[in-house]
Amino acid sequence: MRGRPPAARGAAQAEGAGAVPGAAGRPGSRRKAAAEFRGMWIASVANVDWPSTAGLDAGEQRDELASLFDAAVAHRLNAVFLQVRPTADAMWPAAREPWSQWLTGRQGVDPGWDPLGTAVADAHARGLELHAWFNPYRVANNHADPTRLASSHPARRNPGWTVPYGGKLYYNPGLPEVRAFVQEAMLDAVSRYAVDGVHWDDYFYPYPVAGQYFDDDDAYARHGAGFATRADWRRSNIDTLVREMSERVRSVRPSARFGISPFAVWRNRDRDPLGSDTRSLATYDDLYADTRTWVREGWIDYVVPQVYWHIGNPAADYAKLVPWWAQTVAGTGVDLYIGEALYRCDAGSATAAWRDPAELSRHLTFARRYAEVRGHAYFSAKQVAADPNGAMARVVADHYPTAVPPR
């Protein structure tokens with residue numbers, strides 16, 4: 001998502017539901033979701049949505065965030081995903097990581113207020129759920145130089161933890177000590193604030209970059225014994241992160257729900273008969289994220305696949321991906337919300353479907369054929385507020401006649 005997905009993706013139905021190993025006896029009993037989830041993402045990385053620019057004073061930052069919350073309410077939404085750990089830094093006075101550079105322009109500088117604490121209170125005052133959105137492994141989004149990080153940054157104090165790749169810097173998912181650390185960094189916020197959810201997006205191992213090599217040779221040599229391939233080992237690393245975080249969120253804040261918004265293609269059917277009818281990058285094969293297993297094992301409470309293609313896309317048809325995900329969640333107890341590409345709705349788009357203000361409304365009409373679809377979420381907040389081609393207004397008029405409270 002938050003690096004736009006390539007345009008050619010798609011999906012179809014999986015074959016054979018089979019047993020659902022994790023659906024029965026899922027530990028914990030978290031608060032049930034709203035009858036209909038209506039969410040939007042507020043991205044802070046690179047100042048995509050908020051703050052509009054780094055270096056605003058505390059009052060301006062708070063006013064901008066409040067304005068986005070007001071836009072959510074005005075469009076009859078009931079939840080926001082606020083990105084509070086965009087690049088291994090923090091939008092709260094964190095115990096383990098520095099203040100985010102996207103607040104002040106310089107990592108580690110106190111912005112003079114507590115954005116996450118304020119956001120929880122302000123969202124709840126408006127009847128909105130606040131899901132804290134974390135990115136587990138991304139350390140630097142616009143460079144790969146550890147010396148440019150704040151002097152106190154854990155990645156500088158532990159240089160063996162990072163891997164440069166594609167001009168960015170990542171924590172190495174293959175190191176158990178990294179997996180333990182990133183969980184502690186996120187749980188610091190979960191333990192201190194009454195967040196309604198813990199949310200991850202689509203970044204696990206990085207998206208492939210042509211001609212680049214993700215050098216985890218040493219970690220694989222030390223920890224990869226017993227796996228048939230490096231790909232299997234990488235998937236196991238991410239599976240373990242998801243499973244452990246699920247258990248720990250249940251322990252630290254039982255009322256909070258744990259959800260993930262993956263790239264929408266698990267596997268292509270030409271690689272696996274259970275996969276979708278797509279010709280695409282796939283999370284299982286390319287990001288080492290076995291999203292279907294997370295659902296079937298009940299490690300997450302909700303899934304928000306980023307179905308960021310129009311109805312009829314020849315390589316990635318919205319009308320095929322939604323049924324595939326509906327079948328995948330069936331019987332699991334995992335809630336399915338569909339991630340919608342509001343950012344593509346542009347009168348100047350090269351794709352005719354996205355120039356049509358009715359395209360997104362047709363998505364919701366189609367998705368309502370499937371009882372498993374419990375709601376939608378929109379990327380991203382600035383498009384919800386500005387609604388440049390009227391697509392969001394059409395969604396509200398056609399599908400959201402009244403507000404639906406989250407609790």
# chains A, B, ... in the order shown; residues from 1 in each chain; ligands from 1
call {"tool": "residues_around", "arguments": {"residues": "Tyr193 (chain A)", "least_positions_apart": "3", "cutoff": "7 Å", "atoms": "only C-alpha atoms", "output": "PyMOL selection string"}}
result
chain A and resi 117+189-190
call {"tool": "residues_around", "arguments": {"residues": "region 220-233 of chain A", "least_positions_apart": "3", "cutoff": "8 Å", "atoms": "only C-alpha atoms", "output": "VMD selection string"}}
result
chain A and resid 174 to 175 216 to 217 236 to 237 285 288
call {"tool": "atom_distance", "arguments": {"atom1": "CA of Ala403 (chain A)", "atom2": "CA of Arg76 (chain A)"}}
result
4.9 Å
call {"tool": "residues_around", "arguments": {"residues": "Phe214 (chain A)", "least_positions_apart": "5", "cutoff": "10 Å", "atoms": "only C-alpha atoms", "output": "PDB file with N, CA and C atoms, in the first residue's frame"}}
result
ATOM      1  N   VAL A 163      19.589  -4.403   7.283  1.00  0.00           N
ATOM      2  CA  VAL A 163      19.961  -4.786   5.920  1.00  0.00           C
ATOM      3  C   VAL A 163      19.588  -3.630   4.995  1.00  0.00           C
ATOM      4  N   PRO A 164      20.556  -3.069   4.243  1.00  0.00           N
ATOM      5  CA  PRO A 164      20.200  -2.074   3.233  1.00  0.00           C
ATOM      6  C   PRO A 164      19.657  -2.776   1.994  1.00  0.00           C
ATOM      7  N   TYR A 165      18.612  -2.196   1.404  1.00  0.00           N
ATOM      8  CA  TYR A 165      18.019  -2.833   0.225  1.00  0.00           C
ATOM      9  C   TYR A 165      17.206  -1.810  -0.544  1.00  0.00           C
ATOM     10  N   GLY A 166      17.495  -1.692  -1.824  1.00  0.00           N
ATOM     11  CA  GLY A 166      16.711  -0.803  -2.683  1.00  0.00           C
ATOM     12  C   GLY A 166      16.726   0.643  -2.250  1.00  0.00           C
ATOM     13  N   TYR A 170      16.264  -1.707   6.456  1.00  0.00           N
ATOM     14  CA  TYR A 170      15.291  -2.584   7.109  1.00  0.00           C
ATOM     15  C   TYR A 170      15.934  -3.312   8.271  1.00  0.00           C
ATOM     16  N   ASN A 172      16.345  -6.821  10.035  1.00  0.00           N
ATOM     17  CA  ASN A 172      16.430  -8.165   9.460  1.00  0.00           C
ATOM     18  C   ASN A 172      15.422  -9.084  10.151  1.00  0.00           C
ATOM     19  N   TYR A 205       9.053  -8.719   4.584  1.00  0.00           N
ATOM     20  CA  TYR A 205      10.235  -8.591   3.745  1.00  0.00           C
ATOM     21  C   TYR A 205       9.895  -7.579   2.657  1.00  0.00           C
ATOM     22  N   PRO A 206      10.882  -6.811   2.180  1.00  0.00           N
ATOM     23  CA  PRO A 206      10.550  -5.711   1.274  1.00  0.00           C
ATOM     24  C   PRO A 206      10.070  -6.189  -0.091  1.00  0.00           C
ATOM     25  N   PRO A 208      10.192  -6.720  -3.914  1.00  0.00           N
ATOM     26  CA  PRO A 208      11.396  -6.965  -4.720  1.00  0.00           C
ATOM     27  C   PRO A 208      11.796  -5.742  -5.551  1.00  0.00           C
ATOM     28  N   VAL A 209      13.105  -5.521  -5.615  1.00  0.00           N
ATOM     29  CA  VAL A 209      13.670  -4.460  -6.446  1.00  0.00           C
ATOM     30  C   VAL A 209      14.627  -5.129  -7.430  1.00  0.00           C
TER      31      VAL A 209
END
call {"tool": "residues_around", "arguments": {"residues": "region 41-43 of chain A", "least_positions_apart": "6", "cutoff": "8 Å", "atoms": "only C-alpha atoms", "output": "list of chain:residue names"}}
result
A:Arg2, A:Asp49, A:Trp50, A:Val80, A:Phe81, A:Leu82, A:Gln83, A:Ala377, A:Tyr378, A:Phe379, A:Ser380, A:Ala381, A:Lys382
call {"tool": "write_last_selection", "arguments": {"atoms": "all heavy atoms", "output": "mmCIF file, in the first residue's frame"}}
result
data_model
loop_
_atom_site.group_PDB
_atom_site.id
_atom_site.type_symbol
_atom_site.label_atom_id
_atom_site.label_comp_id
_atom_site.auth_asym_id
_atom_site.auth_seq_id
_atom_site.Cartn_x
_atom_site.Cartn_y
_atom_site.Cartn_z
ATOM 1 N N ARG A 2 1.536 1.453 0.994
ATOM 2 C CA ARG A 2 2.083 2.761 1.280
ATOM 3 C C ARG A 2 3.445 2.828 0.639
ATOM 4 O O ARG A 2 4.433 3.123 1.176
ATOM 5 C CB ARG A 2 2.112 3.002 2.780
ATOM 6 C CG ARG A 2 1.178 2.114 3.589
ATOM 7 C CD ARG A 2 -0.229 2.227 3.338
ATOM 8 N NE ARG A 2 -0.859 1.110 3.961
ATOM 9 C CZ ARG A 2 -2.055 0.737 3.753
ATOM 10 N NH1 ARG A 2 -2.812 1.334 2.949
ATOM 11 N NH2 ARG A 2 -2.539 -0.269 4.328
ATOM 12 N N ASP A 49 -0.241 11.982 4.632
ATOM 13 C CA ASP A 49 -1.521 12.551 5.054
ATOM 14 C C ASP A 49 -1.361 13.544 6.196
ATOM 15 O O ASP A 49 -2.008 14.585 6.218
ATOM 16 C CB ASP A 49 -2.474 11.444 5.534
ATOM 17 C CG ASP A 49 -2.980 10.572 4.408
ATOM 18 O OD1 ASP A 49 -3.435 11.115 3.390
ATOM 19 O OD2 ASP A 49 -2.918 9.341 4.545
ATOM 20 N N TRP A 50 -0.534 13.158 7.169
ATOM 21 C CA TRP A 50 -0.434 13.959 8.394
ATOM 22 C C TRP A 50 0.905 13.697 9.080
ATOM 23 O O TRP A 50 1.365 12.556 9.093
ATOM 24 C CB TRP A 50 -1.581 13.591 9.351
ATOM 25 C CG TRP A 50 -1.412 14.246 10.673
ATOM 26 C CD1 TRP A 50 -1.811 15.502 11.006
ATOM 27 C CD2 TRP A 50 -0.748 13.717 11.821
ATOM 28 N NE1 TRP A 50 -1.429 15.791 12.298
ATOM 29 C CE2 TRP A 50 -0.767 14.705 12.814
ATOM 30 C CE3 TRP A 50 -0.115 12.499 12.099
ATOM 31 C CZ2 TRP A 50 -0.194 14.523 14.075
ATOM 32 C CZ3 TRP A 50 0.470 12.314 13.346
ATOM 33 C CH2 TRP A 50 0.412 13.330 14.327
ATOM 34 N N VAL A 80 -10.370 4.873 12.280
ATOM 35 C CA VAL A 80 -9.174 5.359 11.586
ATOM 36 C C VAL A 80 -7.997 4.486 11.975
ATOM 37 O O VAL A 80 -7.883 4.005 13.109
ATOM 38 C CB VAL A 80 -8.869 6.837 11.920
ATOM 39 C CG1 VAL A 80 -9.971 7.750 11.414
ATOM 40 C CG2 VAL A 80 -8.641 7.044 13.413
ATOM 41 N N PHE A 81 -7.121 4.260 10.991
ATOM 42 C CA PHE A 81 -5.824 3.640 11.225
ATOM 43 C C PHE A 81 -4.803 4.767 11.210
ATOM 44 O O PHE A 81 -4.555 5.361 10.152
ATOM 45 C CB PHE A 81 -5.460 2.643 10.117
ATOM 46 C CG PHE A 81 -6.485 1.574 9.842
ATOM 47 C CD1 PHE A 81 -7.176 1.556 8.643
ATOM 48 C CD2 PHE A 81 -6.729 0.564 10.755
ATOM 49 C CE1 PHE A 81 -8.104 0.562 8.360
ATOM 50 C CE2 PHE A 81 -7.654 -0.431 10.490
ATOM 51 C CZ PHE A 81 -8.343 -0.437 9.288
ATOM 52 N N LEU A 82 -4.222 5.085 12.348
ATOM 53 C CA LEU A 82 -3.242 6.163 12.439
ATOM 54 C C LEU A 82 -1.839 5.573 12.490
ATOM 55 O O LEU A 82 -1.517 4.797 13.396
ATOM 56 C CB LEU A 82 -3.488 7.018 13.681
ATOM 57 C CG LEU A 82 -2.483 8.149 13.918
ATOM 58 C CD1 LEU A 82 -2.523 9.170 12.774
ATOM 59 C CD2 LEU A 82 -2.748 8.833 15.263
ATOM 60 N N GLN A 83 -1.004 5.957 11.532
ATOM 61 C CA GLN A 83 0.354 5.419 11.453
ATOM 62 C C GLN A 83 1.229 6.079 12.517
ATOM 63 O O GLN A 83 1.545 7.255 12.435
ATOM 64 C CB GLN A 83 0.937 5.648 10.064
ATOM 65 C CG GLN A 83 2.228 4.891 9.815
ATOM 66 C CD GLN A 83 2.692 5.031 8.376
ATOM 67 O OE1 GLN A 83 2.524 6.073 7.740
ATOM 68 N NE2 GLN A 83 3.288 3.981 7.842
ATOM 69 N N ALA A 377 -12.299 -0.006 3.963
ATOM 70 C CA ALA A 377 -11.394 1.034 4.456
ATOM 71 C C ALA A 377 -10.782 1.734 3.249
ATOM 72 O O ALA A 377 -10.538 1.099 2.208
ATOM 73 C CB ALA A 377 -10.305 0.442 5.340
ATOM 74 N N TYR A 378 -10.495 3.022 3.398
ATOM 75 C CA TYR A 378 -10.133 3.866 2.269
ATOM 76 C C TYR A 378 -8.732 4.439 2.458
ATOM 77 O O TYR A 378 -8.399 4.990 3.507
ATOM 78 C CB TYR A 378 -11.166 5.004 2.115
ATOM 79 C CG TYR A 378 -12.558 4.454 1.956
ATOM 80 C CD1 TYR A 378 -13.376 4.236 3.080
ATOM 81 C CD2 TYR A 378 -13.038 4.075 0.712
ATOM 82 C CE1 TYR A 378 -14.639 3.677 2.942
ATOM 83 C CE2 TYR A 378 -14.304 3.518 0.573
ATOM 84 C CZ TYR A 378 -15.094 3.315 1.689
ATOM 85 O OH TYR A 378 -16.346 2.743 1.558
ATOM 86 N N PHE A 379 -7.931 4.300 1.393
ATOM 87 C CA PHE A 379 -6.603 4.913 1.389
ATOM 88 C C PHE A 379 -6.628 6.085 0.416
ATOM 89 O O PHE A 379 -6.866 5.908 -0.781
ATOM 90 C CB PHE A 379 -5.540 3.902 0.967
ATOM 91 C CG PHE A 379 -4.143 4.419 1.153
ATOM 92 C CD1 PHE A 379 -3.561 4.418 2.410
ATOM 93 C CD2 PHE A 379 -3.433 4.941 0.094
ATOM 94 C CE1 PHE A 379 -2.280 4.928 2.595
ATOM 95 C CE2 PHE A 379 -2.161 5.458 0.270
ATOM 96 C CZ PHE A 379 -1.582 5.440 1.519
ATOM 97 N N SER A 380 -6.397 7.301 0.928
ATOM 98 C CA SER A 380 -6.069 7.572 2.324
ATOM 99 C C SER A 380 -6.817 8.805 2.778
ATOM 100 O O SER A 380 -7.656 9.343 2.051
ATOM 101 C CB SER A 380 -4.562 7.783 2.482
ATOM 102 O OG SER A 380 -4.145 8.926 1.728
ATOM 103 N N ALA A 381 -6.480 9.299 3.983
ATOM 104 C CA ALA A 381 -7.282 10.327 4.642
ATOM 105 C C ALA A 381 -7.384 11.622 3.846
ATOM 106 O O ALA A 381 -8.442 12.260 3.818
ATOM 107 C CB ALA A 381 -6.696 10.620 6.028
ATOM 108 N N LYS A 382 -6.297 12.028 3.205
ATOM 109 C CA LYS A 382 -6.383 13.314 2.498
ATOM 110 C C LYS A 382 -7.333 13.228 1.317
ATOM 111 O O LYS A 382 -7.980 14.216 0.953
ATOM 112 C CB LYS A 382 -4.999 13.801 2.071
ATOM 113 C CG LYS A 382 -4.300 12.982 1.000
ATOM 114 C CD LYS A 382 -2.918 13.565 0.736
ATOM 115 C CE LYS A 382 -2.162 12.778 -0.329
ATOM 116 N NZ LYS A 382 -0.788 13.302 -0.512
#
call {"tool": "residues_around", "arguments": {"residues": "Phe366 (chain A)", "least_positions_apart": "2", "cutoff": "10 Å", "atoms": "only C-alpha atoms", "output": "short mmCIF file (atom, residue, chain, number, x, y, z; two decimals) with N, CA, C and O atoms, in the first residue's frame"}}
result
data_model
loop_
_atom_site.label_atom_id
_atom_site.label_comp_id
_atom_site.auth_asym_id
_atom_site.auth_seq_id
_atom_site.Cartn_x
_atom_site.Cartn_y
_atom_site.Cartn_z
N ILE A 311 -12.96 -2.97 -11.15
CA ILE A 311 -13.74 -4.10 -11.64
C ILE A 311 -13.44 -4.28 -13.12
O ILE A 311 -13.54 -3.35 -13.91
N TYR A 318 -11.13 -6.80 -9.40
CA TYR A 318 -11.78 -6.64 -8.09
C TYR A 318 -12.87 -7.68 -7.90
O TYR A 318 -13.04 -8.24 -6.80
N ALA A 319 -13.61 -7.96 -8.96
CA ALA A 319 -14.74 -8.87 -8.88
C ALA A 319 -14.31 -10.34 -8.73
O ALA A 319 -15.16 -11.21 -8.54
N VAL A 322 -12.43 -10.19 -4.40
CA VAL A 322 -13.34 -10.14 -3.26
C VAL A 322 -13.93 -11.52 -2.96
O VAL A 322 -13.91 -11.97 -1.80
N PRO A 323 -14.42 -12.28 -3.96
CA PRO A 323 -14.90 -13.64 -3.65
C PRO A 323 -13.80 -14.56 -3.11
O PRO A 323 -14.08 -15.39 -2.24
N LEU A 360 -15.99 3.40 -7.33
CA LEU A 360 -15.84 2.93 -5.95
C LEU A 360 -17.19 2.50 -5.38
O LEU A 360 -17.27 1.51 -4.64
N SER A 361 -18.24 3.21 -5.69
CA SER A 361 -19.56 2.82 -5.22
C SER A 361 -19.95 1.45 -5.78
O SER A 361 -20.55 0.63 -5.07
N ARG A 362 -19.57 1.17 -7.03
CA ARG A 362 -19.84 -0.15 -7.59
C ARG A 362 -19.10 -1.24 -6.83
O ARG A 362 -19.58 -2.37 -6.72
N HIS A 363 -17.92 -0.92 -6.30
CA HIS A 363 -17.19 -1.88 -5.48
C HIS A 363 -18.02 -2.32 -4.28
O HIS A 363 -18.13 -3.51 -3.97
N LEU A 364 -18.58 -1.34 -3.58
CA LEU A 364 -19.36 -1.68 -2.39
C LEU A 364 -20.62 -2.45 -2.75
O LEU A 364 -21.02 -3.37 -2.03
N ARG A 368 -21.27 -6.40 -1.35
CA ARG A 368 -22.42 -6.74 -0.51
C ARG A 368 -23.06 -8.07 -0.90
O ARG A 368 -23.93 -8.56 -0.19
N ARG A 369 -22.64 -8.66 -1.99
CA ARG A 369 -23.10 -10.00 -2.32
C ARG A 369 -22.53 -11.05 -1.37
O ARG A 369 -23.01 -12.18 -1.34
N TYR A 370 -21.49 -10.68 -0.64
CA TYR A 370 -20.75 -11.65 0.17
C TYR A 370 -20.91 -11.30 1.64
O TYR A 370 -20.43 -10.25 2.10
#
call {"tool": "atom_distance", "arguments": {"atom1": "CA of Val182 (chain A)", "atom2": "CA of Ser152 (chain A)"}}
result
15.6 Å
call {"tool": "select_by_dssp", "arguments": {"residues": "region 213-325 of chain A", "states": "strand (DSSP E or B)", "output": "list in words"}}
result
Arg257, Phe258, Gly259, Ile260, Phe263, Asn268, Ser276, Tyr302, Val303 and Gln306 of chain A
call {"tool": "write_last_selection", "arguments": {"atoms": "all heavy atoms", "output": "PDB file, in the first residue's frame"}}
result
ATOM      1  N   ARG A 257      -8.154  -5.284  18.985  1.00  0.00           N
ATOM      2  CA  ARG A 257      -8.163  -6.262  17.906  1.00  0.00           C
ATOM      3  C   ARG A 257      -6.883  -6.119  17.090  1.00  0.00           C
ATOM      4  O   ARG A 257      -6.362  -5.012  16.913  1.00  0.00           O
ATOM      5  CB  ARG A 257      -9.398  -6.070  17.033  1.00  0.00           C
ATOM      6  CG  ARG A 257     -10.690  -6.211  17.832  1.00  0.00           C
ATOM      7  CD  ARG A 257     -11.897  -5.708  17.067  1.00  0.00           C
ATOM      8  NE  ARG A 257     -12.177  -6.570  15.929  1.00  0.00           N
ATOM      9  CZ  ARG A 257     -12.431  -6.122  14.703  1.00  0.00           C
ATOM     10  NH1 ARG A 257     -12.407  -4.823  14.439  1.00  0.00           N
ATOM     11  NH2 ARG A 257     -12.699  -6.971  13.731  1.00  0.00           N
ATOM     12  N   PHE A 258      -6.381  -7.231  16.584  1.00  0.00           N
ATOM     13  CA  PHE A 258      -5.136  -7.262  15.820  1.00  0.00           C
ATOM     14  C   PHE A 258      -5.479  -7.542  14.363  1.00  0.00           C
ATOM     15  O   PHE A 258      -6.103  -8.555  14.051  1.00  0.00           O
ATOM     16  CB  PHE A 258      -4.223  -8.354  16.387  1.00  0.00           C
ATOM     17  CG  PHE A 258      -2.906  -8.521  15.671  1.00  0.00           C
ATOM     18  CD1 PHE A 258      -2.206  -7.434  15.183  1.00  0.00           C
ATOM     19  CD2 PHE A 258      -2.353  -9.793  15.521  1.00  0.00           C
ATOM     20  CE1 PHE A 258      -0.986  -7.596  14.538  1.00  0.00           C
ATOM     21  CE2 PHE A 258      -1.136  -9.971  14.886  1.00  0.00           C
ATOM     22  CZ  PHE A 258      -0.442  -8.879  14.388  1.00  0.00           C
ATOM     23  N   GLY A 259      -5.086  -6.619  13.479  1.00  0.00           N
ATOM     24  CA  GLY A 259      -5.414  -6.784  12.076  1.00  0.00           C
ATOM     25  C   GLY A 259      -4.280  -6.393  11.159  1.00  0.00           C
ATOM     26  O   GLY A 259      -3.377  -5.634  11.530  1.00  0.00           O
ATOM     27  N   ILE A 260      -4.332  -6.928   9.937  1.00  0.00           N
ATOM     28  CA  ILE A 260      -3.289  -6.695   8.944  1.00  0.00           C
ATOM     29  C   ILE A 260      -3.951  -6.370   7.610  1.00  0.00           C
ATOM     30  O   ILE A 260      -4.977  -6.949   7.254  1.00  0.00           O
ATOM     31  CB  ILE A 260      -2.379  -7.937   8.814  1.00  0.00           C
ATOM     32  CG1 ILE A 260      -1.647  -8.189  10.146  1.00  0.00           C
ATOM     33  CG2 ILE A 260      -1.363  -7.760   7.680  1.00  0.00           C
ATOM     34  CD1 ILE A 260      -0.765  -9.421  10.164  1.00  0.00           C
ATOM     35  N   PHE A 263      -1.083  -6.778   0.833  1.00  0.00           N
ATOM     36  CA  PHE A 263      -1.264  -6.796  -0.613  1.00  0.00           C
ATOM     37  C   PHE A 263      -2.244  -7.929  -0.917  1.00  0.00           C
ATOM     38  O   PHE A 263      -2.189  -8.991  -0.311  1.00  0.00           O
ATOM     39  CB  PHE A 263       0.093  -7.030  -1.273  1.00  0.00           C
ATOM     40  CG  PHE A 263       0.074  -7.017  -2.763  1.00  0.00           C
ATOM     41  CD1 PHE A 263       0.095  -5.813  -3.456  1.00  0.00           C
ATOM     42  CD2 PHE A 263       0.045  -8.201  -3.479  1.00  0.00           C
ATOM     43  CE1 PHE A 263       0.090  -5.810  -4.831  1.00  0.00           C
ATOM     44  CE2 PHE A 263       0.043  -8.200  -4.855  1.00  0.00           C
ATOM     45  CZ  PHE A 263       0.060  -7.008  -5.540  1.00  0.00           C
ATOM     46  N   ASN A 268      -0.703 -16.800  -6.909  1.00  0.00           N
ATOM     47  CA  ASN A 268      -1.354 -16.952  -8.198  1.00  0.00           C
ATOM     48  C   ASN A 268      -1.714 -18.409  -8.428  1.00  0.00           C
ATOM     49  O   ASN A 268      -0.978 -19.316  -8.031  1.00  0.00           O
ATOM     50  CB  ASN A 268      -0.430 -16.452  -9.305  1.00  0.00           C
ATOM     51  CG  ASN A 268      -0.144 -14.973  -9.195  1.00  0.00           C
ATOM     52  OD1 ASN A 268      -1.043 -14.148  -9.312  1.00  0.00           O
ATOM     53  ND2 ASN A 268       1.106 -14.625  -8.937  1.00  0.00           N
ATOM     54  N   SER A 276      -5.370 -17.331  -6.304  1.00  0.00           N
ATOM     55  CA  SER A 276      -6.331 -16.561  -7.088  1.00  0.00           C
ATOM     56  C   SER A 276      -5.952 -16.583  -8.567  1.00  0.00           C
ATOM     57  O   SER A 276      -4.804 -16.823  -8.936  1.00  0.00           O
ATOM     58  CB  SER A 276      -6.388 -15.124  -6.566  1.00  0.00           C
ATOM     59  OG  SER A 276      -5.089 -14.556  -6.504  1.00  0.00           O
ATOM     60  N   TYR A 302      -8.837  -9.420  12.184  1.00  0.00           N
ATOM     61  CA  TYR A 302      -9.421  -8.919  10.947  1.00  0.00           C
ATOM     62  C   TYR A 302      -8.331  -8.820   9.888  1.00  0.00           C
ATOM     63  O   TYR A 302      -7.147  -8.713  10.190  1.00  0.00           O
ATOM     64  CB  TYR A 302     -10.125  -7.578  11.145  1.00  0.00           C
ATOM     65  CG  TYR A 302      -9.226  -6.408  11.520  1.00  0.00           C
ATOM     66  CD1 TYR A 302      -8.560  -5.664  10.544  1.00  0.00           C
ATOM     67  CD2 TYR A 302      -9.062  -6.021  12.851  1.00  0.00           C
ATOM     68  CE1 TYR A 302      -7.761  -4.594  10.882  1.00  0.00           C
ATOM     69  CE2 TYR A 302      -8.266  -4.947  13.196  1.00  0.00           C
ATOM     70  CZ  TYR A 302      -7.612  -4.235  12.203  1.00  0.00           C
ATOM     71  OH  TYR A 302      -6.810  -3.172  12.543  1.00  0.00           O
ATOM     72  N   VAL A 303      -8.766  -8.872   8.629  1.00  0.00           N
ATOM     73  CA  VAL A 303      -7.852  -8.718   7.505  1.00  0.00           C
ATOM     74  C   VAL A 303      -8.449  -7.699   6.550  1.00  0.00           C
ATOM     75  O   VAL A 303      -9.666  -7.678   6.320  1.00  0.00           O
ATOM     76  CB  VAL A 303      -7.580 -10.067   6.801  1.00  0.00           C
ATOM     77  CG1 VAL A 303      -8.839 -10.650   6.163  1.00  0.00           C
ATOM     78  CG2 VAL A 303      -6.450  -9.944   5.786  1.00  0.00           C
ATOM     79  N   GLN A 306      -5.689  -5.212   0.370  1.00  0.00           N
ATOM     80  CA  GLN A 306      -5.668  -3.997  -0.445  1.00  0.00           C
ATOM     81  C   GLN A 306      -6.094  -4.358  -1.872  1.00  0.00           C
ATOM     82  O   GLN A 306      -5.266  -4.627  -2.742  1.00  0.00           O
ATOM     83  CB  GLN A 306      -4.271  -3.398  -0.431  1.00  0.00           C
ATOM     84  CG  GLN A 306      -3.821  -2.957   0.950  1.00  0.00           C
ATOM     85  CD  GLN A 306      -2.350  -2.601   0.979  1.00  0.00           C
ATOM     86  OE1 GLN A 306      -1.808  -2.090  -0.001  1.00  0.00           O
ATOM     87  NE2 GLN A 306      -1.690  -2.858   2.099  1.00  0.00           N
TER      88      GLN A 306
END
call {"tool": "select_by_dssp", "arguments": {"residues": "region 26-88 of chain A", "states": "alpha helix (DSSP H)", "output": "PyMOL selection string"}}
result
chain A and resi 58-74
call {"tool": "residues_around", "arguments": {"residues": "Leu103 (chain A)", "least_positions_apart": "3", "cutoff": "8 Å", "atoms": "only C-alpha atoms", "output": "list in words"}}
result
Pro51, Thr53, Ala54, Gly55, Leu56, Met91, Trp99, Ser100, Arg106 and Pro111 of chain A
call {"tool": "decode", "arguments": {"residues": "region 99-108 of chain A", "atoms": "N, CA, C and O atoms", "output": "mmCIF file, in the first residue's frame"}}
result
data_model
loop_
_atom_site.group_PDB
_atom_site.id
_atom_site.type_symbol
_atom_site.label_atom_id
_atom_site.label_comp_id
_atom_site.auth_asym_id
_atom_site.auth_seq_id
_atom_site.Cartn_x
_atom_site.Cartn_y
_atom_site.Cartn_z
ATOM 1 N N TRP A 99 11.635 9.868 18.683
ATOM 2 C CA TRP A 99 10.523 10.574 18.056
ATOM 3 C C TRP A 99 10.673 10.530 16.532
ATOM 4 O O TRP A 99 11.766 10.580 15.993
ATOM 5 N N SER A 100 9.546 10.485 15.845
ATOM 6 C CA SER A 100 9.549 10.396 14.392
ATOM 7 C C SER A 100 10.027 11.684 13.734
ATOM 8 O O SER A 100 9.657 12.778 14.139
ATOM 9 N N GLN A 101 10.803 11.521 12.669
ATOM 10 C CA GLN A 101 11.264 12.671 11.894
ATOM 11 C C GLN A 101 10.118 13.369 11.181
ATOM 12 O O GLN A 101 10.220 14.554 10.841
ATOM 13 N N TRP A 102 9.019 12.655 10.956
ATOM 14 C CA TRP A 102 7.920 13.240 10.181
ATOM 15 C C TRP A 102 7.136 14.261 10.997
ATOM 16 O O TRP A 102 6.282 14.973 10.446
ATOM 17 N N LEU A 103 7.443 14.378 12.286
ATOM 18 C CA LEU A 103 6.820 15.403 13.115
ATOM 19 C C LEU A 103 7.574 16.724 13.042
ATOM 20 O O LEU A 103 6.994 17.772 12.731
ATOM 21 N N THR A 104 8.860 16.687 13.331
ATOM 22 C CA THR A 104 9.637 17.921 13.447
ATOM 23 C C THR A 104 10.612 18.151 12.302
ATOM 24 O O THR A 104 11.178 19.237 12.184
ATOM 25 N N GLY A 105 10.841 17.125 11.488
ATOM 26 C CA GLY A 105 11.854 17.209 10.445
ATOM 27 C C GLY A 105 13.173 16.626 10.861
ATOM 28 O O GLY A 105 14.071 16.447 10.027
ATOM 29 N N ARG A 106 13.300 16.295 12.139
ATOM 30 C CA ARG A 106 14.552 15.706 12.632
ATOM 31 C C ARG A 106 14.209 14.592 13.614
ATOM 32 O O ARG A 106 13.523 14.830 14.615
ATOM 33 N N GLN A 107 14.673 13.420 13.340
ATOM 34 C CA GLN A 107 14.370 12.280 14.197
ATOM 35 C C GLN A 107 14.935 12.500 15.599
ATOM 36 O O GLN A 107 16.057 12.971 15.767
ATOM 37 N N GLY A 108 14.128 12.151 16.596
ATOM 38 C CA GLY A 108 14.571 12.245 17.978
ATOM 39 C C GLY A 108 14.221 13.544 18.670
ATOM 40 O O GLY A 108 14.466 13.684 19.868
#
